[in-house]
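Below: the structure, in structure tokens.
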Amino acid sequence: MPKKPTRSPNPVTDIEQVLKRAYPDSVLEIIGVLEDSYLAGLLPSLRDALASIPQTTILHDQPPQDEPRPDPAFDHDENPPMVSEQSRSYHQFFVALRDTRFEYDAEDLVPDENGVERTVRGKGTWGCVVGVSLVAPVAVVILDAIETFEDGSVIQPDVHPQRFDLDMKPLDMDEHVREALGDDALAGLHDLHERIAHALDGLGVRVLSAEEAGRPVPWLRAGEGALVEGTVTVRDALFLRSM
């Protein structure tokens, strides 16, 4: 018989209680690691569920802890210390549709060995960022794009807003996609969003609405090293980034 997919604990219904259990001192900090989280056992089934969505592909699969790299401050040493760029309390995927309508030409300015900026060309792809929290079986799914370039560099999306208007307010991604791709493409991405949410729900992981994710949590404050600006939100608390 085929092995039954691993299912997470009971779906979360009370976010406030989850946060109070996770942060009893009301201070945001990275808690635990993947191996100690419910997500460790669920991750293979989660990855399979996303990969099984018809006509899609996973372009980005990012664990909570970045891979160690040589510390650039010691770039002249033969054996520089290794550091990680960032820790997160969530695992992140980027799921895209296999449809050229969602692809576009991209370019970036990068410095060469002499510090002179040069243009590097690449490809961008619209899709859905999927973040699954280590704190509790909840997720967020947002529309965004990933860009890969000829030099091997990648501009990765994230569950936190990364696109802003001239007043530094997060863009309305629906409107941004509509302007870039049109109504039909936006509808296609909304359908992908729904299929991802359905796949996660089948594993006991509840996808938060934008309203839920953006709800303020005024009794929480950012701890040392937590990348949070302004009032803490549910998204900040369940999808925490820390240097």
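Identifiers in the structure tokens: chain A, B, ... in order shown; residue index from 1 per chain; ligand index from 1 in order shown.
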
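Close contacts of range 226-234 of chain A, defined as residues with an atom at most 6 Å away when counting only C-alpha atoms, with chain neighbours fewer than 6 positions off set aside, comprise Ala213, Gly214, Arg215, Pro216, Val217, Arg241 and Ser242 of chain A.
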
Find the residues near range 140-147 of chain A: any atom within 8 Å, counting only C-alpha atoms, skip ones fewer than 2 places away on the same chain, and give them as number ranges by chain.
-> A: 94, 106, 122-132, 138, 149, 154-157, 159, 173-174, 189, 193, 196-197, 207-209, 213

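In this model, the gap between CA of Ile53 in chain A and CA of Ala40 in chain A comes to 21.5 Å.
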
Looking at only C-alpha atoms, which of A:Asp108, A:Asp172, A:Val177, A:Ala139 is the one that sits closest to Gly152 in chain A?
->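 Smallest separation from Gly152 in chain A among the options: A:Asp108.
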
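Taking only C-alpha atoms, the non-local environment of Tyr23 in chain A within 9 Å (same-chain residues fewer than 6 positions away omitted) comprises Glu29, Ile31, Leu220 and Ala237 of chain A.
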
Please produce a file of the residues just selected, as a PDB file, in the first residue's frame, where the atoms kept are C-alpha atoms.
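Printed below is again-v4.pdb as written:
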ATOM      1  CA  GLU A  29      13.088  35.824  18.676  1.00  0.00           C
ATOM      2  CA  ILE A  31      12.699  29.834  18.491  1.00  0.00           C
ATOM      3  CA  LEU A 220       4.716  41.677  21.144  1.00  0.00           C
ATOM      4  CA  ALA A 237       5.562  36.813  14.585  1.00  0.00           C
TER       5      ALA A 237
END

Between CA of Ile58 in chain A and CA of Glu212 in chain A lies a distance of 25.7 Å

Please provide the set of residues having any atom within 12 Å of Ala51 in chain A, restricted to only C-alpha atoms, with same-chain residues fewer than 5 positions apart removed, written as a ChimeraX atom specification.
-> /A:44-46,56-61,93-97,195-196,199-200

Taking only C-alpha atoms into account, which of A:Leu238, A:Glu211, A:Ala187, A:Arg221 comes nearest Ala22 in chain A?
-> A:Leu238

Check the DSSP output for the backbone and give back, as a PyMOL selection string, the residues of range 75-176 of chain A in strand (DSSP E or B).
-> chain A and resi 82-83+87-88+90-97+103-111+117-133+138-149+154-155+164+170

Polymer residues at most 10 Å from Ala185 in chain A, only C-alpha atoms, same-chain spacing of 4 or more positions, as a VMD selection string | chain A and resid 99 101 to 102 126 177 to 178 180 to 181 189 to 191

If you measure from CA of Pro137 in chain A to CA of Val205 in chain A, what distance in Å do you get, rounded to one decimal?
->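 Interatomic distance, CA of Pro137 in chain A to CA of Val205 in chain A: 4.8 Å.
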
Helix (DSSP H, G or I) call set, DSSP backbone run, range 92-239 of chain A, as an NGL selection string | :A and (100-102 or 173-181 or 183-201 or 210-213 or 234-238)

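Residue nearest Ala222 in chain A within the list A:Gln62, A:Ser26, A:Ser37, A:Ser153: A:Ser26 [criterion: smallest interatomic distance, only C-alpha atoms].
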
Determine the nearest neighbour of Thr100 in chain A from the options A:Gln55, A:Gln162, A:Thr148, A:Gln17, counting only C-alpha atoms.
->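 The shortest atom-to-atom distance to Thr100 in chain A comes from A:Gln55.
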